[in-house]
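K.L.:
For reference, the structure I am asking about is given below.
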Amino acid sequence: MSDPLGLGKDPASARVVVAMSGGVDSSVAAALVARWGYETVGVTLQLYDHGAATGKPGACCAGQDIHDARRVADRLGVAHYVLDFEQRFRNAVIEDFATSYAAGRTPIPCVRCNQRIKFGDLMEIARDLGADALVTGHYARRLGPPAGGELHRAVDATRDQTYFLFATTRDQLDFLRFPLGGQPKETTRGLAEELDLPVASKAESQDICFVPQGHYSRVVERLRPEAGEPGPILDEAGRELGRHKGLAHYTVGQRRGLGVATGAPLYVLALDPERRAVIVGPKERLRTETLHLAEVNWLGERPLDGATHRLWIKHRANEAAIPARLHAAAGTTAVVPEAPALGVAPGQACVFYDGTRVLGGGWIAAVAAPTHAPASA
Amino acid sequence: MIPAVIDLDHNAGSPLRPEARAAMLAALDAGGNASAVHGRGRAAKARLEDARDALAAACGVGADRVVFTAGGTEADALALHGRRVAASAVEHPAVLAQPGVVATVPVDAAGRVRVDAVAGTVTASGADTVAVMAANNETGVIQPLADVRAALPVGVRLHVDAVQAPGRLDLAGIVAGADTVALSAHKLGGPAGVGAVALGPGIEPLALVRGGGHERGRRGGTENLPGVAGFAAALGATVAAAEDAGLGALRDRLEAGLRDLVPELVVFGAAAPRLANTLAVSAPGWRAETLVMAFDLAGVAVSSGAACSSGRVRTSHVLEAMGARDELIDGMIRFSLGWTSEVGDIERALAAMAPILRRRRAA
């Protein structure tokens, strides 16, 4: 018996739900599951009103992606269902996204979506359908036995998506499988072509799915008008250097688009929703000595609390991991990089690694600059 | 894909009846354009008019009173074209989405049109047409058409969407009491994409599709001969079979079986007369969209009310209009039986659904 998903049972008697977005990756994931002989059930989530999001009135509630997912399932000869998750997605992801921006943070809606939607409600539905596993097209690896597996980075480091999976709990991990994590992206494309999937030549999806053309500030301003209201650009001493067009347009570490002319280049150091101010300063003031984390998910073997853990962290999706020490005690978790980190933005995730293994992570709630920094930073 | 072996979703469309299939194959093979002068054209015209005669006879009207359309939705659209319409709140989207709908007439908790509200709604909205369906597609609730007719102010038309009626209700009686009636072939075992409007005396519809004078100028376009032949044959078989009484017994067995599994089962429209083939139910904690999936994977085809063309399930406006509780609306499952249904279907469906429903109760 070949059981490539490692479910501990014969594929012919195992039901697997595949989250199909209509993109190449999840389509190939579904194709692999079907080819391996598991009873494959494709599910596509209707997450937002496509017509409204793209500003095309009269467009059908469902976008092209749902159509594509359905066509792939037809080609594979597997069952496929569309679930209306609009309200849940709005409450659990979009509202949180806008609220975070309005509060001066830079959120990652994809993590919330994985945590609350795909591995939350969808997983519950999959269990409800009597499924043995939920498969997604994420580039990550789940290694180990059917129960008690470990989360590891994808073999293809350029595609690795574990940063967005840090909040996955052990219980969720037991039920999840990521068939693409062991192969490079080119293999996925090749499989899509080999299987003649209708999405083989489809462009890579970019940005945030519910934000058309990357205009996220419009989405934020619609839900939290205050995030689009202008305010002062201040230096660390509180001197007004100019005006900004709304906090939603700025991210910590940003340099361009400030419209402030001074001698040295200025960077966004912090966003202060109370004063509705963008705080700017020179690059060296972006250094962060300590990251204070909230909602920490711990996947390590040793107990998290009361110990210092030496590990590697990523505090942004597209940066290399850096060595750090993790201190946890009495419900508070702080991370101290070995060398001060640059451009750490509250609202982003700090993800823990031990080699390729993901040990969890947390949300960056606050940052502390080297000790001589003023309180506002 | 696992085929849905037990079809309990006839209100969405019944399997093709063998009589309809035979008539369609004959028409496909014969071909011909009913507008042509030559012999093959005349033969086609004869088949078209045979189908029209059959439909007219079932409706109890003259053949000149029947207009063929490409389905029930177009039949509603044609009948309501250019009208100012007050529609019952539980109408099918084929009616509610028409541009002429200016007001809705409320229903009571059982899903029956509030006859006492008809005249007031017409007066307040300036409607010249009232649209009330013969029986609801989701709940099967039969509307009090005679009472509605009696409540209409003088000069106001009554349009009846009778798509769910043939073989289940007195079609000729419905047509006699209405000004326009919309019908659809695939709900009774004919082909999809074919429908008709039956017109009352003196009623002329405002054409939606103009063309070469087909259908007496009421609907342009070369007639779909296999379609109308299949429609007429399916209607004939439906009326002749009179399956309804048997379906009522099956439906009651299904309801009793479901109640054994789920004692808190709620039947929508239970307080009103209903079609014998339709059972719309819910229970606290049910989520219809996942139940429909689970049943489908177990080989039982049911529906959760009105599905969008994407397959996504929308909240039932019918149950909302009836004032049903939100949690029950979210769990609404519609079972609908038809000409293929047998007692074995019900027993096998109950057996397949039992573990799913028990799991839900345990959860």
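In the structure tokens, chains take the letters A, B, ... in the order shown, each chain's residues start at 1, and ligands count up from 1 in the order shown.
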Specify as a PyMOL selection string all residues of chain A found within 10 Å of chain B, counting only C-alpha atoms.
P.N.:
chain A and resi 39-41+43-46+60-63+66-67+70+73-74+76-85+125-126+128-130
K.L.:
Kindly export the residues of the current selection with C-alpha atoms, as a PDB file, in the first residue's frame.
P.N.:
```pdb
ATOM      1  CA  GLU A  39     -11.139   9.971  -2.491  1.00  0.00           C
ATOM      2  CA  THR A  40     -10.657  13.630  -3.397  1.00  0.00           C
ATOM      3  CA  VAL A  41     -13.125  16.351  -2.493  1.00  0.00           C
ATOM      4  CA  VAL A  43     -13.610  22.806  -1.906  1.00  0.00           C
ATOM      5  CA  THR A  44     -13.358  26.404  -3.014  1.00  0.00           C
ATOM      6  CA  LEU A  45     -14.210  29.197  -0.650  1.00  0.00           C
ATOM      7  CA  GLN A  46     -16.093  32.222  -1.835  1.00  0.00           C
ATOM      8  CA  CYS A  60     -21.136  37.675 -10.763  1.00  0.00           C
ATOM      9  CA  CYS A  61     -20.595  37.134  -7.091  1.00  0.00           C
ATOM     10  CA  ALA A  62     -18.038  34.506  -8.031  1.00  0.00           C
ATOM     11  CA  GLY A  63     -14.793  35.339  -9.727  1.00  0.00           C
ATOM     12  CA  ILE A  66     -13.925  29.740  -8.605  1.00  0.00           C
ATOM     13  CA  HIS A  67     -14.708  28.923 -12.206  1.00  0.00           C
ATOM     14  CA  ARG A  70     -14.398  23.932 -10.818  1.00  0.00           C
ATOM     15  CA  ALA A  73     -12.062  19.404 -10.557  1.00  0.00           C
ATOM     16  CA  ASP A  74     -14.084  18.470 -13.648  1.00  0.00           C
ATOM     17  CA  LEU A  76      -9.749  15.441 -12.524  1.00  0.00           C
ATOM     18  CA  GLY A  77     -13.168  13.855 -12.174  1.00  0.00           C
ATOM     19  CA  VAL A  78     -13.451  14.696  -8.490  1.00  0.00           C
ATOM     20  CA  ALA A  79     -16.263  16.210  -6.454  1.00  0.00           C
ATOM     21  CA  HIS A  80     -16.099  19.969  -6.014  1.00  0.00           C
ATOM     22  CA  TYR A  81     -18.070  22.376  -3.856  1.00  0.00           C
ATOM     23  CA  VAL A  82     -18.135  26.129  -3.385  1.00  0.00           C
ATOM     24  CA  LEU A  83     -18.715  27.382   0.129  1.00  0.00           C
ATOM     25  CA  ASP A  84     -19.916  30.864   0.940  1.00  0.00           C
ATOM     26  CA  PHE A  85     -17.384  32.225   3.433  1.00  0.00           C
ATOM     27  CA  ILE A 125     -16.137  21.282   7.686  1.00  0.00           C
ATOM     28  CA  ALA A 126     -13.625  18.767   6.358  1.00  0.00           C
ATOM     29  CA  ASP A 128     -17.520  17.110   9.524  1.00  0.00           C
ATOM     30  CA  LEU A 129     -17.488  15.472   6.090  1.00  0.00           C
ATOM     31  CA  GLY A 130     -15.596  12.554   7.588  1.00  0.00           C
TER      32      GLY A 130
END
```
K.L.:
Assign secondary structure with DSSP using the backbone only, and return the residues of region 42-109 of chain A in helix (DSSP H, G or I) as a PyMOL selection string.
P.N.:
chain A and resi 50-53+64-76+86-102+109
K.L.:
I'd like the contact shell of region 234-248 of chain B - 9 Å cut-off, only C-alpha atoms, skipping same-chain residues fewer than 6 positions apart - returned as a count of residues only.
P.N.:
27
K.L.:
When DSSP works through the backbone of this structure, what residues of region 137-215 of chain B end up as strand (DSSP E or B), shown as a VMD selection string?
P.N.:
chain B and resid 141 to 142 157 to 161 166 169 180 to 184 195 to 199
K.L.:
With only C-alpha atoms as the counted atoms, please give the residues lying no more than 10 Å from Arg112 (chain A), apart from itself and same-chain residues fewer than 3 positions off, as number ranges by chain.
P.N.:
A: 89, 92-94, 96-97, 107-109, 115-120, 164-165, 167
K.L.:
What does the distance from CA of Ala339 (chain A) to CA of Gly253 (chain A) come to in Å, to one decimal?
P.N.:
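About the pair CA of Ala339 (chain A) and CA of Gly253 (chain A): they are 17.1 Å apart.
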K.L.:
As an exercise, work out the distance from CA of Leu47 (chain A) to CA of Ile333 (chain B) in Å and give it to one decimal place.
P.N.:
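Pair CA of Leu47 (chain A) / CA of Ile333 (chain B) returns 22.9 Å.
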K.L.:
Residues near region 154-159 of chain B, anyone? I mean within 7 Å using only C-alpha atoms, not counting same-chain ones fewer than 4 positions away, as a ChimeraX atom specification.
P.N.:
/B:128-132,149,178-181
K.L.:
With C-alpha atoms retained, write the just-selected residues as a compact mmCIF listing (two decimals), in the first residue's frame.
P.N.:
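Written out: out-v5.txt:
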```txt
# COMPACT_ATOMS: atom_id res chain seq x y z
CA ASP B 128 -51.03 46.80 -12.90
CA THR B 129 -50.06 43.15 -12.40
CA VAL B 130 -49.84 40.86 -9.39
CA ALA B 131 -47.49 37.86 -9.60
CA VAL B 132 -48.15 34.90 -7.31
CA ARG B 149 -57.83 36.66 -7.77
CA ALA B 178 -55.03 33.76 -14.30
CA ASP B 179 -54.17 36.17 -17.09
CA THR B 180 -50.72 34.77 -17.79
CA VAL B 181 -49.15 31.49 -16.65
```
K.L.:
Find the spatial neighbours of region 139-147 of chain B, counting only C-alpha atoms, within a cut-off of 6 Å - ignore same-chain residues fewer than 6 positions away - and output them as a compact mmCIF listing (two decimals) with N, CA and C atoms, in the first residue's frame.
P.N.:
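File produced: part_13.txt:
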```
# COMPACT_ATOMS: atom_id res chain seq x y z
N ARG B 112 -47.82 31.43 2.99
CA ARG B 112 -48.93 31.74 2.08
C ARG B 112 -49.07 33.25 1.93
N GLY B 269 -43.55 25.43 6.17
CA GLY B 269 -44.83 25.43 5.47
C GLY B 269 -45.77 24.35 5.93
N PRO B 273 -51.32 24.01 2.97
CA PRO B 273 -51.34 22.93 1.98
C PRO B 273 -50.06 22.97 1.16
N ARG B 274 -49.46 21.81 0.93
CA ARG B 274 -48.19 21.76 0.20
C ARG B 274 -48.26 20.76 -0.93
N LEU B 275 -47.38 20.93 -1.92
CA LEU B 275 -47.22 19.92 -2.95
C LEU B 275 -46.83 18.61 -2.28
N THR B 278 -42.77 17.73 -2.11
CA THR B 278 -41.74 18.63 -1.60
C THR B 278 -41.70 18.61 -0.08
N ALA B 280 -39.38 20.64 2.83
CA ALA B 280 -38.29 21.55 3.21
C ALA B 280 -38.16 21.52 4.73
```
K.L.:
Please report the interatomic distance between CA of Gly6 (chain A) and CA of Gln172 (chain A) in Å with one decimal.
P.N.:
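Between these atoms lies a distance of 15.1 Å.
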K.L.:
Considering only C-alpha atoms, return as a PyMOL selection string whatever protein or nucleic-acid residues lie within 12 Å of Arg325 (chain B), sequence-local ones (same chain, fewer than 6 positions apart) excluded.
P.N.:
chain B and resi 109+266+268+282-285+315-316+319+331-332
